[in-house]
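S.K.: Just model.tsv, nothing more (TSV, C-alpha atoms):
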```tsv
chain	number	residue	atom	x	y	z
G	93	MET	CA	-24.07	20.83	-49.71
G	94	TYR	CA	-26.66	19.48	-47.28
G	95	LEU	CA	-28.80	16.44	-48.04
G	96	GLN	CA	-32.41	16.28	-46.94
G	97	ASP	CA	-32.74	14.36	-43.66
G	98	ASN	CA	-35.92	12.70	-44.86
G	99	ASN	CA	-34.39	11.50	-48.13
G	100	ALA	CA	-35.02	7.74	-48.10
G	101	ASN	CA	-32.97	7.04	-51.21
G	102	LEU	CA	-29.33	7.99	-50.72
G	103	GLN	CA	-27.89	5.58	-53.28
G	104	SER	CA	-26.01	8.22	-55.25
G	105	ASP	CA	-26.04	11.27	-53.00
G	106	THR	CA	-23.02	13.25	-51.90
G	107	GLY	CA	-23.22	15.86	-49.16
G	108	TRP	CA	-23.74	16.44	-45.46
G	109	ILE	CA	-26.44	14.92	-43.27
G	110	VAL	CA	-27.15	16.67	-39.96
G	111	ILE	CA	-28.49	14.42	-37.20
G	112	PRO	CA	-29.89	16.54	-34.37
G	113	SER	CA	-29.10	15.90	-30.73
G	114	LYS	CA	-31.50	14.92	-27.98
G	115	ILE	CA	-31.83	18.57	-26.95
G	116	HIS	CA	-32.56	19.76	-30.50
G	117	ASP	CA	-35.00	16.97	-31.40
G	118	PRO	CA	-36.16	15.15	-28.25
G	119	GLU	CA	-39.27	13.62	-29.84
G	120	ASN	CA	-37.25	11.76	-32.47
G	121	PHE	CA	-34.23	10.90	-30.37
G	122	GLU	CA	-34.46	7.11	-30.73
G	123	ALA	CA	-35.01	7.36	-34.48
G	124	ASN	CA	-32.03	9.71	-34.77
G	125	VAL	CA	-29.84	7.27	-32.84
G	126	ASP	CA	-30.79	4.56	-35.33
G	127	LYS	CA	-30.10	6.94	-38.21
G	128	LEU	CA	-26.63	7.70	-36.86
G	129	LYS	CA	-25.87	3.99	-36.54
G	130	THR	CA	-27.04	3.41	-40.10
G	131	LEU	CA	-25.03	6.28	-41.58
G	132	SER	CA	-21.84	5.65	-39.57
G	133	HIS	CA	-18.77	4.02	-41.04
G	134	LYS	CA	-18.07	0.52	-39.74
G	135	ASN	CA	-14.92	1.78	-38.00
G	136	TRP	CA	-16.76	4.42	-35.99
G	137	CYS	CA	-17.95	3.71	-32.47
G	138	THR	CA	-21.24	5.42	-33.42
G	139	LYS	CA	-21.97	2.34	-35.52
G	140	SER	CA	-22.95	0.72	-32.24
G	141	PHE	CA	-22.51	1.65	-28.59
G	142	ASN	CA	-21.63	5.37	-28.76
G	143	ALA	CA	-24.45	6.58	-31.00
G	144	GLU	CA	-26.80	7.25	-28.09
G	145	PRO	CA	-24.37	8.97	-25.67
G	146	TYR	CA	-22.87	11.11	-28.43
G	147	LEU	CA	-26.28	12.31	-29.64
G	148	SER	CA	-27.17	13.04	-26.02
G	149	ASP	CA	-24.20	15.46	-25.92
G	150	GLY	CA	-24.72	17.21	-29.24
G	151	ASP	CA	-25.47	17.06	-32.97
G	152	PHE	CA	-23.62	14.78	-35.38
G	153	HIS	CA	-22.76	15.64	-38.99
G	154	VAL	CA	-21.98	12.88	-41.51
G	155	TYR	CA	-20.45	13.54	-44.93
G	156	LEU	CA	-21.53	11.04	-47.57
G	157	GLU	CA	-19.81	10.51	-50.89
G	158	SER	CA	-21.96	8.41	-53.23
G	159	SER	CA	-23.87	7.30	-50.13
G	160	LYS	CA	-20.73	6.12	-48.33
G	161	PRO	CA	-19.72	7.78	-45.04
G	162	LYS	CA	-16.38	9.55	-45.33
G	163	LEU	CA	-16.41	12.07	-42.47
G	164	GLY	CA	-18.06	12.34	-39.08
G	165	ILE	CA	-18.24	15.52	-37.01
G	166	ARG	CA	-19.24	15.18	-33.37
G	167	PHE	CA	-20.53	18.12	-31.36
G	168	VAL	CA	-20.63	18.69	-27.62
G	169	GLY	CA	-23.14	21.44	-27.06
G	170	ASP	CA	-22.72	23.91	-29.91
G	171	ALA	CA	-19.02	23.25	-30.55
G	172	ILE	CA	-17.29	20.62	-32.69
G	173	GLN	CA	-15.49	18.17	-30.41
G	174	GLU	CA	-13.87	15.88	-33.00
G	175	ILE	CA	-13.63	15.22	-36.72
G	176	GLN	CA	-13.01	11.68	-37.94
G	177	GLY	CA	-12.43	10.05	-41.30
G	178	GLU	CA	-12.96	6.43	-42.32
G	179	MET	CA	-9.90	5.24	-40.41
G	180	ASN	CA	-11.10	6.71	-37.13
G	181	ASN	CA	-7.53	7.68	-36.22
G	182	SER	CA	-8.09	11.27	-35.02
G	183	LYS	CA	-6.72	12.61	-38.30
G	184	ILE	CA	-8.70	14.54	-40.86
G	185	PRO	CA	-8.16	12.86	-44.27
G	186	GLN	CA	-6.34	15.21	-46.60
G	187	LYS	CA	-8.66	14.23	-49.44
G	188	TYR	CA	-11.58	15.79	-47.55
G	189	PHE	CA	-9.78	18.56	-45.67
G	190	GLU	CA	-11.06	21.34	-47.92
G	191	GLU	CA	-14.59	19.93	-47.62
G	192	VAL	CA	-14.29	20.09	-43.83
G	193	LYS	CA	-13.06	23.69	-43.88
G	194	THR	CA	-15.83	24.75	-46.27
G	195	HIS	CA	-18.44	23.06	-44.10
G	196	ILE	CA	-17.18	24.80	-40.97
G	197	GLN	CA	-16.95	28.21	-42.61
G	198	SER	CA	-20.29	28.09	-44.45
G	199	GLY	CA	-22.11	26.88	-41.36
G	200	HIS	CA	-20.30	29.29	-39.00
G	201	LEU	CA	-19.58	26.31	-36.77
G	202	HIS	CA	-17.74	26.68	-33.49
G	203	LEU	CA	-14.60	24.68	-32.67
G	204	SER	CA	-13.51	23.24	-29.35
G	205	SER	CA	-9.80	23.35	-28.48
G	206	ASN	CA	-9.52	19.71	-29.55
G	207	ALA	CA	-11.11	20.40	-32.95
G	208	LYS	CA	-8.81	23.42	-33.43
G	209	ASN	CA	-5.82	21.12	-32.83
G	210	GLU	CA	-7.16	18.65	-35.40
G	211	ILE	CA	-7.50	21.42	-37.98
G	212	GLU	CA	-4.02	22.71	-37.19
G	213	ASN	CA	-2.50	19.23	-37.45
G	214	ALA	CA	-4.22	18.70	-40.79
G	215	GLU	CA	-2.80	21.99	-42.06
G	216	ASN	CA	0.71	20.93	-40.99
G	217	ILE	CA	0.32	17.53	-42.64
G	218	LYS	CA	-0.88	19.23	-45.82
G	219	GLN	CA	2.28	21.33	-45.96
G	220	LYS	CA	4.50	18.29	-45.34
G	221	ILE	CA	2.71	16.32	-48.03
G	222	GLU	CA	3.20	19.09	-50.57
G	223	LYS	CA	6.92	19.22	-49.68
G	224	ILE	CA	7.33	15.43	-50.01
G	225	LYS	CA	5.39	15.34	-53.28
G	226	ALA	CA	7.73	17.96	-54.70
G	227	GLU	CA	10.78	15.93	-53.60
G	228	ILE	CA	9.47	12.63	-55.02
G	229	GLY	CA	8.40	14.27	-58.25
G	230	GLU	CA	5.09	14.71	-60.01
G	231	GLU	CA	5.90	12.10	-62.67
G	232	ALA	CA	6.76	9.39	-60.12
G	233	ILE	CA	3.53	10.03	-58.22
G	234	LYS	CA	1.44	10.09	-61.38
G	235	ASN	CA	2.91	6.75	-62.50
G	236	ALA	CA	2.96	5.20	-59.00
G	237	ASP	CA	6.65	4.45	-59.58
G	238	ALA	CA	7.51	1.99	-56.80
G	239	GLU	CA	11.26	2.16	-57.51
G	240	LYS	CA	11.27	5.86	-56.67
G	241	ILE	CA	8.46	6.16	-54.15
G	242	LEU	CA	9.19	3.24	-51.79
G	243	PRO	CA	12.92	4.04	-51.23
G	244	TYR	CA	11.95	7.60	-50.34
G	245	PHE	CA	10.09	6.14	-47.34
G	246	GLY	CA	12.93	3.81	-46.36
G	247	ILE	CA	11.73	0.67	-48.15
G	248	GLU	CA	14.43	-1.10	-50.18
G	249	VAL	CA	13.53	-2.22	-53.70
G	250	LYS	CA	15.22	-4.74	-56.02
G	251	LYS	CA	14.06	-5.58	-59.54
G	252	ASP	CA	14.60	-8.93	-61.23
G	253	ALA	CA	15.08	-9.69	-64.94
G	254	ASP	CA	11.31	-10.01	-65.41
G	255	GLY	CA	10.63	-6.60	-63.91
G	256	MET	CA	9.21	-8.01	-60.69
G	257	LEU	CA	10.09	-6.39	-57.36
G	258	THR	CA	11.48	-7.66	-54.08
G	259	ILE	CA	11.03	-5.15	-51.28
G	260	SER	CA	12.37	-5.10	-47.72
G	261	GLU	CA	8.93	-4.49	-46.11
G	262	TYR	CA	5.61	-2.85	-46.80
G	263	ARG	CA	3.87	-0.23	-44.69
G	264	GLN	CA	2.16	3.10	-45.05
G	265	PRO	CA	4.05	6.36	-44.54
G	266	LYS	CA	3.10	8.34	-41.43
G	267	THR	CA	0.00	9.35	-43.37
G	268	THR	CA	-0.96	7.00	-46.24
G	269	PHE	CA	0.13	6.63	-49.85
G	270	ALA	CA	-3.35	7.74	-50.88
G	271	GLU	CA	-2.77	11.09	-49.13
G	272	PHE	CA	-0.04	11.79	-51.71
G	273	GLY	CA	-2.36	11.01	-54.59
G	274	ILE	CA	-0.61	7.69	-55.26
G	275	ASP	CA	-2.61	4.88	-56.84
G	276	GLU	CA	-1.68	2.11	-54.43
G	277	ASN	CA	-2.90	-0.72	-56.64
G	278	ARG	CA	-0.42	0.37	-59.31
G	279	LEU	CA	2.26	0.89	-56.65
G	280	VAL	CA	2.10	-2.76	-55.52
G	281	SER	CA	1.22	-4.36	-58.86
G	282	ASN	CA	4.73	-5.76	-59.55
G	283	ILE	CA	5.69	-6.77	-56.02
G	284	LYS	CA	6.67	-10.45	-55.93
G	285	VAL	CA	8.46	-10.77	-52.58
G	286	ILE	CA	8.19	-8.86	-49.30
G	287	GLU	CA	11.16	-9.89	-47.19
G	288	GLY	CA	10.00	-8.42	-43.89
G	289	ASP	CA	6.61	-7.41	-42.51
G	290	ALA	CA	3.71	-6.81	-44.90
G	291	ASP	CA	1.36	-4.33	-43.24
G	292	PHE	CA	-1.71	-3.55	-45.33
G	293	ARG	CA	-3.76	-2.01	-42.55
G	294	ASN	CA	-4.95	1.44	-43.65
G	295	SER	CA	-3.98	0.53	-47.21
G	296	GLN	CA	-6.06	1.26	-50.30
G	297	ALA	CA	-4.60	-1.66	-52.27
G	298	GLN	CA	-6.96	-4.43	-53.33
G	299	ASP	CA	-4.95	-6.45	-55.83
G	300	LEU	CA	-1.76	-8.31	-54.84
G	301	ARG	CA	-2.02	-11.09	-57.38
G	302	ASN	CA	1.75	-11.13	-58.10
G	303	LEU	CA	2.83	-11.44	-54.46
G	304	GLN	CA	4.37	-14.87	-53.78
G	305	SER	CA	5.99	-14.69	-50.36
G	306	ILE	CA	6.08	-12.65	-47.16
G	307	GLY	CA	9.15	-13.19	-45.01
G	308	GLU	CA	7.78	-12.09	-41.65
G	309	ASN	CA	4.39	-10.93	-40.35
G	310	ALA	CA	1.37	-10.31	-42.58
G	311	TYR	CA	-1.30	-7.85	-41.47
G	312	PHE	CA	-4.47	-7.82	-43.56
G	313	ARG	CA	-6.98	-7.16	-40.81
G	314	ASN	CA	-9.59	-4.62	-41.94
G	315	SER	CA	-7.70	-4.04	-45.20
G	316	PRO	CA	-9.42	-3.91	-48.62
G	317	VAL	CA	-6.99	-6.45	-50.16
G	318	GLN	CA	-8.96	-9.17	-51.93
G	319	ASP	CA	-6.62	-10.91	-54.34
G	320	LEU	CA	-3.66	-12.95	-53.03
G	321	ARG	CA	-4.07	-15.82	-55.44
G	322	ASN	CA	-0.32	-16.55	-55.80
G	323	LEU	CA	0.82	-16.16	-52.19
G	324	HIS	CA	2.52	-19.40	-51.10
G	325	SER	CA	4.29	-18.60	-47.82
G	326	ILE	CA	4.17	-16.32	-44.78
G	327	GLY	CA	7.17	-16.56	-42.48
G	328	GLY	CA	5.64	-14.99	-39.39
G	329	ASN	CA	2.16	-14.30	-38.06
G	330	ALA	CA	-0.79	-14.02	-40.45
G	331	SER	CA	-3.75	-11.84	-39.52
G	332	PHE	CA	-6.74	-12.17	-41.84
G	333	SER	CA	-9.44	-11.52	-39.25
G	334	ASP	CA	-12.13	-9.19	-40.60
G	335	SER	CA	-10.29	-8.96	-43.93
G	336	GLN	CA	-11.67	-9.00	-47.49
G	337	VAL	CA	-9.24	-11.66	-48.77
G	338	GLN	CA	-11.06	-14.66	-50.21
G	339	ASP	CA	-8.56	-16.67	-52.25
G	340	LEU	CA	-5.49	-18.21	-50.61
G	341	ARG	CA	-5.56	-21.48	-52.51
G	342	LYS	CA	-1.77	-21.57	-53.07
G	343	LEU	CA	-0.73	-20.73	-49.51
G	344	HIS	CA	1.51	-23.55	-48.30
G	345	SER	CA	2.86	-22.44	-44.93
G	346	ILE	CA	2.42	-19.92	-42.12
G	347	GLY	CA	5.40	-19.75	-39.77
G	348	GLY	CA	3.68	-18.07	-36.82
G	349	HIS	CA	0.14	-17.55	-35.56
G	350	ALA	CA	-2.77	-17.61	-38.03
G	351	TYR	CA	-6.00	-15.74	-37.38
G	352	PHE	CA	-9.00	-16.15	-39.67
G	353	ARG	CA	-11.81	-15.23	-37.31
G	354	ASN	CA	-14.61	-13.42	-39.21
G	355	SER	CA	-12.56	-13.47	-42.42
G	356	GLN	CA	-13.83	-14.06	-45.97
G	357	VAL	CA	-11.19	-16.69	-46.80
G	358	GLN	CA	-12.74	-19.97	-47.93
G	359	ASP	CA	-10.04	-21.96	-49.68
G	360	LEU	CA	-6.89	-23.05	-47.84
G	361	GLY	CA	-6.72	-26.40	-49.57
G	362	ASN	CA	-2.93	-26.37	-49.97
G	363	LEU	CA	-1.97	-25.17	-46.50
G	364	HIS	CA	0.45	-27.69	-44.92
G	365	SER	CA	1.64	-26.10	-41.71
G	366	ILE	CA	0.89	-23.40	-39.15
G	367	GLY	CA	3.76	-22.76	-36.75
G	368	GLY	CA	1.83	-21.08	-33.95
G	369	ASN	CA	-1.72	-20.60	-32.73
G	370	THR	CA	-4.68	-20.58	-35.09
G	371	ASN	CA	-8.28	-19.44	-34.85
G	372	PHE	CA	-10.89	-20.52	-37.38
G	373	SER	CA	-13.84	-19.70	-35.14
G	374	ASN	CA	-16.62	-17.99	-37.12
G	375	SER	CA	-14.53	-18.05	-40.30
G	376	GLN	CA	-15.57	-19.06	-43.83
G	377	VAL	CA	-12.70	-21.55	-44.24
G	378	GLN	CA	-13.96	-24.99	-45.16
G	379	ASP	CA	-11.05	-26.79	-46.78
G	380	LEU	CA	-7.95	-27.74	-44.77
G	381	ARG	CA	-7.49	-31.22	-46.18
G	382	LYS	CA	-3.68	-30.95	-46.53
G	383	LEU	CA	-2.95	-29.32	-43.16
G	384	HIS	CA	-0.31	-31.45	-41.40
G	385	SER	CA	0.66	-29.59	-38.24
G	386	ILE	CA	-0.37	-26.75	-35.93
G	387	GLY	CA	2.37	-25.64	-33.55
G	388	GLY	CA	0.20	-23.86	-30.98
G	389	TYR	CA	-3.47	-23.98	-30.06
G	390	ALA	CA	-6.19	-24.77	-32.59
G	391	ASP	CA	-9.63	-23.19	-32.25
G	392	PHE	CA	-12.21	-24.74	-34.58
G	393	SER	CA	-15.22	-23.92	-32.41
G	394	ASN	CA	-18.18	-22.74	-34.46
G	395	SER	CA	-16.15	-23.07	-37.67
G	396	LEU	CA	-17.14	-24.50	-41.07
G	397	VAL	CA	-14.06	-26.73	-41.36
G	398	GLN	CA	-14.96	-30.36	-41.91
G	399	ASP	CA	-11.89	-32.17	-43.25
G	400	LEU	CA	-8.73	-32.39	-41.12
G	401	SER	CA	-7.86	-35.88	-42.30
G	402	ASN	CA	-4.12	-35.14	-42.73
G	403	LEU	CA	-3.59	-33.28	-39.46
G	404	HIS	CA	-0.90	-35.08	-37.40
G	405	SER	CA	-0.23	-32.83	-34.43
G	406	ILE	CA	-1.53	-29.88	-32.43
G	407	GLY	CA	1.08	-28.32	-30.15
G	408	TRP	CA	-1.24	-26.88	-27.53
G	409	TYR	CA	-4.98	-27.07	-26.85
G	410	ALA	CA	-7.60	-28.11	-29.41
G	411	ASP	CA	-11.16	-26.77	-29.35
G	412	PHE	CA	-13.60	-28.69	-31.55
G	413	SER	CA	-16.70	-27.68	-29.61
G	414	ASN	CA	-19.70	-27.02	-31.86
G	415	SER	CA	-17.55	-27.57	-34.94
G	416	LEU	CA	-18.29	-29.49	-38.15
G	417	VAL	CA	-14.99	-31.43	-38.09
G	418	GLN	CA	-15.63	-35.14	-38.49
G	419	ASP	CA	-12.37	-36.69	-39.63
G	420	LEU	CA	-9.22	-36.73	-37.44
G	421	LYS	CA	-7.90	-40.08	-38.63
G	422	ASN	CA	-4.22	-39.06	-38.67
G	423	LEU	CA	-4.09	-36.90	-35.53
G	424	HIS	CA	-1.47	-38.35	-33.13
G	425	SER	CA	-1.11	-35.78	-30.36
G	426	ILE	CA	-2.70	-32.77	-28.72
G	427	GLY	CA	-0.29	-30.87	-26.46
G	428	GLY	CA	-2.90	-29.22	-24.24
G	429	TYR	CA	-6.54	-29.76	-23.40
G	430	ALA	CA	-8.97	-31.21	-25.93
G	431	ASP	CA	-12.61	-30.11	-26.12
G	432	PHE	CA	-14.88	-32.38	-28.16
G	433	SER	CA	-18.13	-31.16	-26.60
G	434	ASN	CA	-21.05	-30.91	-29.03
G	435	SER	CA	-18.79	-31.85	-31.95
G	436	LEU	CA	-19.46	-34.31	-34.78
G	437	ILE	CA	-16.26	-36.31	-34.24
G	438	GLN	CA	-16.97	-39.98	-33.55
G	439	ASP	CA	-13.64	-41.73	-33.97
G	440	LEU	CA	-10.29	-40.64	-32.49
G	441	SER	CA	-8.50	-43.19	-34.72
G	442	ASN	CA	-4.76	-42.66	-34.14
G	443	LEU	CA	-4.79	-40.10	-31.31
G	444	HIS	CA	-2.24	-41.23	-28.71
G	445	SER	CA	-2.05	-38.42	-26.16
G	446	ILE	CA	-3.86	-35.39	-24.77
G	447	GLY	CA	-1.70	-33.01	-22.74
G	448	GLY	CA	-4.46	-31.49	-20.60
G	449	TYR	CA	-8.07	-32.17	-19.69
G	450	ALA	CA	-10.35	-33.97	-22.16
G	451	CYS	CA	-13.96	-32.90	-22.48
G	452	PHE	CA	-16.41	-35.30	-24.12
G	453	ASN	CA	-19.58	-33.66	-22.79
G	454	ASN	CA	-22.45	-34.16	-25.27
G	455	SER	CA	-20.01	-35.51	-27.88
G	456	LEU	CA	-20.44	-38.32	-30.41
G	457	VAL	CA	-17.02	-39.89	-29.71
G	458	GLN	CA	-17.52	-43.55	-28.98
G	459	ASP	CA	-14.19	-45.14	-29.81
G	460	LEU	CA	-10.89	-44.11	-28.16
G	461	ARG	CA	-8.92	-46.67	-30.19
G	462	LYS	CA	-5.20	-45.85	-29.65
G	463	LEU	CA	-5.52	-43.18	-26.95
G	464	LYS	CA	-2.95	-43.94	-24.22
G	465	SER	CA	-2.71	-40.88	-21.98
G	466	ILE	CA	-4.64	-37.88	-20.72
G	467	LYS	CA	-2.84	-35.49	-18.38
G	468	GLY	CA	-5.89	-33.82	-16.89
G	469	LEU	CA	-9.47	-34.42	-15.83
G	470	VAL	CA	-11.90	-36.24	-18.09
G	471	TYR	CA	-15.47	-34.96	-18.60
G	472	ILE	CA	-18.11	-37.36	-19.92
G	473	ASN	CA	-21.46	-35.73	-19.13
G	474	ASN	CA	-24.11	-36.96	-21.58
G	475	SER	CA	-21.36	-38.76	-23.48
G	476	LYS	CA	-21.43	-42.02	-25.41
G	477	LEU	CA	-18.32	-42.99	-23.44
G	478	SER	CA	-18.27	-44.65	-20.05
G	479	ILE	CA	-15.50	-44.97	-17.49
G	480	ASP	CA	-14.89	-48.50	-18.73
G	481	ASP	CA	-13.85	-47.14	-22.14
G	482	PHE	CA	-10.81	-45.52	-20.46
G	483	LYS	CA	-9.42	-48.71	-18.93
G	484	ASN	CA	-6.39	-48.66	-21.26
G	485	VAL	CA	-5.82	-44.90	-20.87
G	486	GLU	CA	-3.41	-43.48	-18.30
G	487	ILE	CA	-5.15	-40.51	-16.69
G	488	GLU	CA	-2.70	-38.32	-14.78
G	489	GLY	CA	-5.29	-35.85	-13.49
G	490	ARG	CA	-7.80	-36.51	-10.74
G	491	GLY	CA	-9.78	-38.92	-12.85
G	492	PHE	CA	-13.33	-38.19	-13.95
G	493	ASN	CA	-15.47	-35.19	-13.23
G	494	ASN	CA	-19.13	-35.41	-14.14
G	495	ILE	CA	-20.11	-31.85	-13.31
G	496	ASN	CA	-20.75	-29.31	-16.04
G	497	LEU	CA	-17.42	-28.06	-17.47
G	498	THR	CA	-18.41	-24.40	-17.42
G	499	GLN	CA	-19.44	-24.65	-13.79
G	500	PHE	CA	-16.20	-26.39	-12.94
G	501	LEU	CA	-14.04	-23.71	-14.57
G	502	ASN	CA	-15.96	-21.00	-12.73
G	503	LEU	CA	-15.48	-22.51	-9.26
```
How does the structure come out when it is put into structure tokens?
M.R.:
Amino acid sequence: MYLQDNNANLQSDTGWIVIPSKIHDPENFEANVDKLKTLSHKNWCTKSFNAEPYLSDGDFHVYLESSKPKLGIRFVGDAIQEIQGEMNNSKIPQKYFEEVKTHIQSGHLHLSSNAKNEIENAENIKQKIEKIKAEIGEEAIKNADAEKILPYFGIEVKKDADGMLTISEYRQPKTTFAEFGIDENRLVSNIKVIEGDADFRNSQAQDLRNLQSIGENAYFRNSPVQDLRNLHSIGGNASFSDSQVQDLRKLHSIGGHAYFRNSQVQDLGNLHSIGGNTNFSNSQVQDLRKLHSIGGYADFSNSLVQDLSNLHSIGWYADFSNSLVQDLKNLHSIGGYADFSNSLIQDLSNLHSIGGYACFNNSLVQDLRKLKSIKGLVYINNSKLSIDDFKNVEIEGRGFNNINLTQFLNL
């Protein structure tokens, strides 16, 4: 089914949209580029920079399901060059494979050698999926039986007296659980503990409300998971950048690096420790009032975090530039450089040492209080501080540098 190109209301439409190339519709090329960007999935490069060059090479077909892009077909000349699904992983989603074949056959579309390989690979995967589904059993798939399904893919499962599950790790099969017709929300509904890595990239699961701990690394970047309301610990790295997770109010500790850049998480009010690096730049996190230690670097630039009143130590550098942080009354040490430029911090209270350079350009800091040592250069352009304020501070670098910091680093 083809949808009308000039249909302005696609809120409930399902079908194919054909966006003509520069050769086929030169007068409307710019408008068609914008249309391709609008109709592209967020994971496709045509959402931004590749819309124009791709439409210069050939037409582009987008399959919408209830107005949401599910498939993209790129042409070079009059032949299909590639077929992508939502994941943009060079694999045709099995759910839409028959739709792709019907579209190709009904439109008498030509295939490049690359597109032929994609079709062939999809056919092979389809056969493997049917074989695996038969081995797992129709009943287990219908009921999303984790005790039967997960061990089949090498994931160990243990059940406690309350019927809750501890599993050795979580990851997708070589395809995805959804490709087998498995309801992934039901599959993970009783998981309480993941002992190893928890990889929810390419997952369809949204609800993990019973999950309490992850033993190693947690990957939620670009996943649809929203509910982690009972998660209290992550043993390794935690990646929530560009995720849909909002509620982590019970999370107590992260053993490795923690990345929240561009995430939807707002509440981390019970987080006590981060073992590695952390990035809250451009995140929605506001509450870190119980955070005690950060083992690596801490990037709060352009973040919404205001209260760090219980933070005692930062293992490496600390970037507070353009942040909303005001209270650092318990911070004792920063292992690397410290950037307070354009921040709202006025009082360094109990800070004793800075392990690298210290930048106070355009800052509001006016009282160094207990600061005893700085191991690098000090920058005080447009600062409320003067050289006299550092008379009790041991500066191990080359003293003061009043040139612009950015210029200095680019020399």
S.K.: Which residues, written as a PyMOL selection string, have at least one atom at most 8 Å from stretch 292-294 of chain G, with only C-alpha atoms counted and residues fewer than 4 positions away on the same chain left out?
M.R.: chain G and resi 179+262-264+268+310-315+317
S.K.: Produce a file of the selected residues containing C-alpha atoms, as a CSV table (one decimal), keeping the file's coordinate frame.
M.R.:
```csv
chain,number,residue,atom,x,y,z
G,179,MET,CA,-9.9,5.2,-40.4
G,262,TYR,CA,5.6,-2.8,-46.8
G,263,ARG,CA,3.9,-0.2,-44.7
G,264,GLN,CA,2.2,3.1,-45.0
G,268,THR,CA,-1.0,7.0,-46.2
G,310,ALA,CA,1.4,-10.3,-42.6
G,311,TYR,CA,-1.3,-7.8,-41.5
G,312,PHE,CA,-4.5,-7.8,-43.6
G,313,ARG,CA,-7.0,-7.2,-40.8
G,314,ASN,CA,-9.6,-4.6,-41.9
G,315,SER,CA,-7.7,-4.0,-45.2
G,317,VAL,CA,-7.0,-6.4,-50.2
```
S.K.: Need to verify the contact set: G:Ser405, 10 Å, all atoms listed in the file, exclusion of same-chain residues closer than 2 positions in sequence. Can you return it as an MDAnalysis selection string?
M.R.: chainID G and resid 383:388 402:403 407:408 422:427 443
S.K.: Point out the residue among G:Asn329, G:Gln176, G:Asn124, G:Thr267 with the least atom-to-atom distance to G:Val192, counting all atoms listed in the file.
M.R.: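 The answer is G:Gln176, which sits nearest to G:Val192.
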S.K.: Identify which of the residues G:Pro161, G:Ile366, G:Lys234, G:Gln376 lies closest to G:Phe352, counting only C-alpha atoms when measuring atom-to-atom distances.
M.R.: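 Ranking G:Pro161, G:Ile366, G:Lys234, G:Gln376 by distance to G:Phe352, first place goes to G:Gln376.
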S.K.: Using atom CA of G:Gly468 and atom CA of G:Lys421 as the two end points, give the distance in Å to one decimal.
M.R.: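 Atom CA of G:Lys421 lies 22.7 Å from atom CA of G:Gly468.
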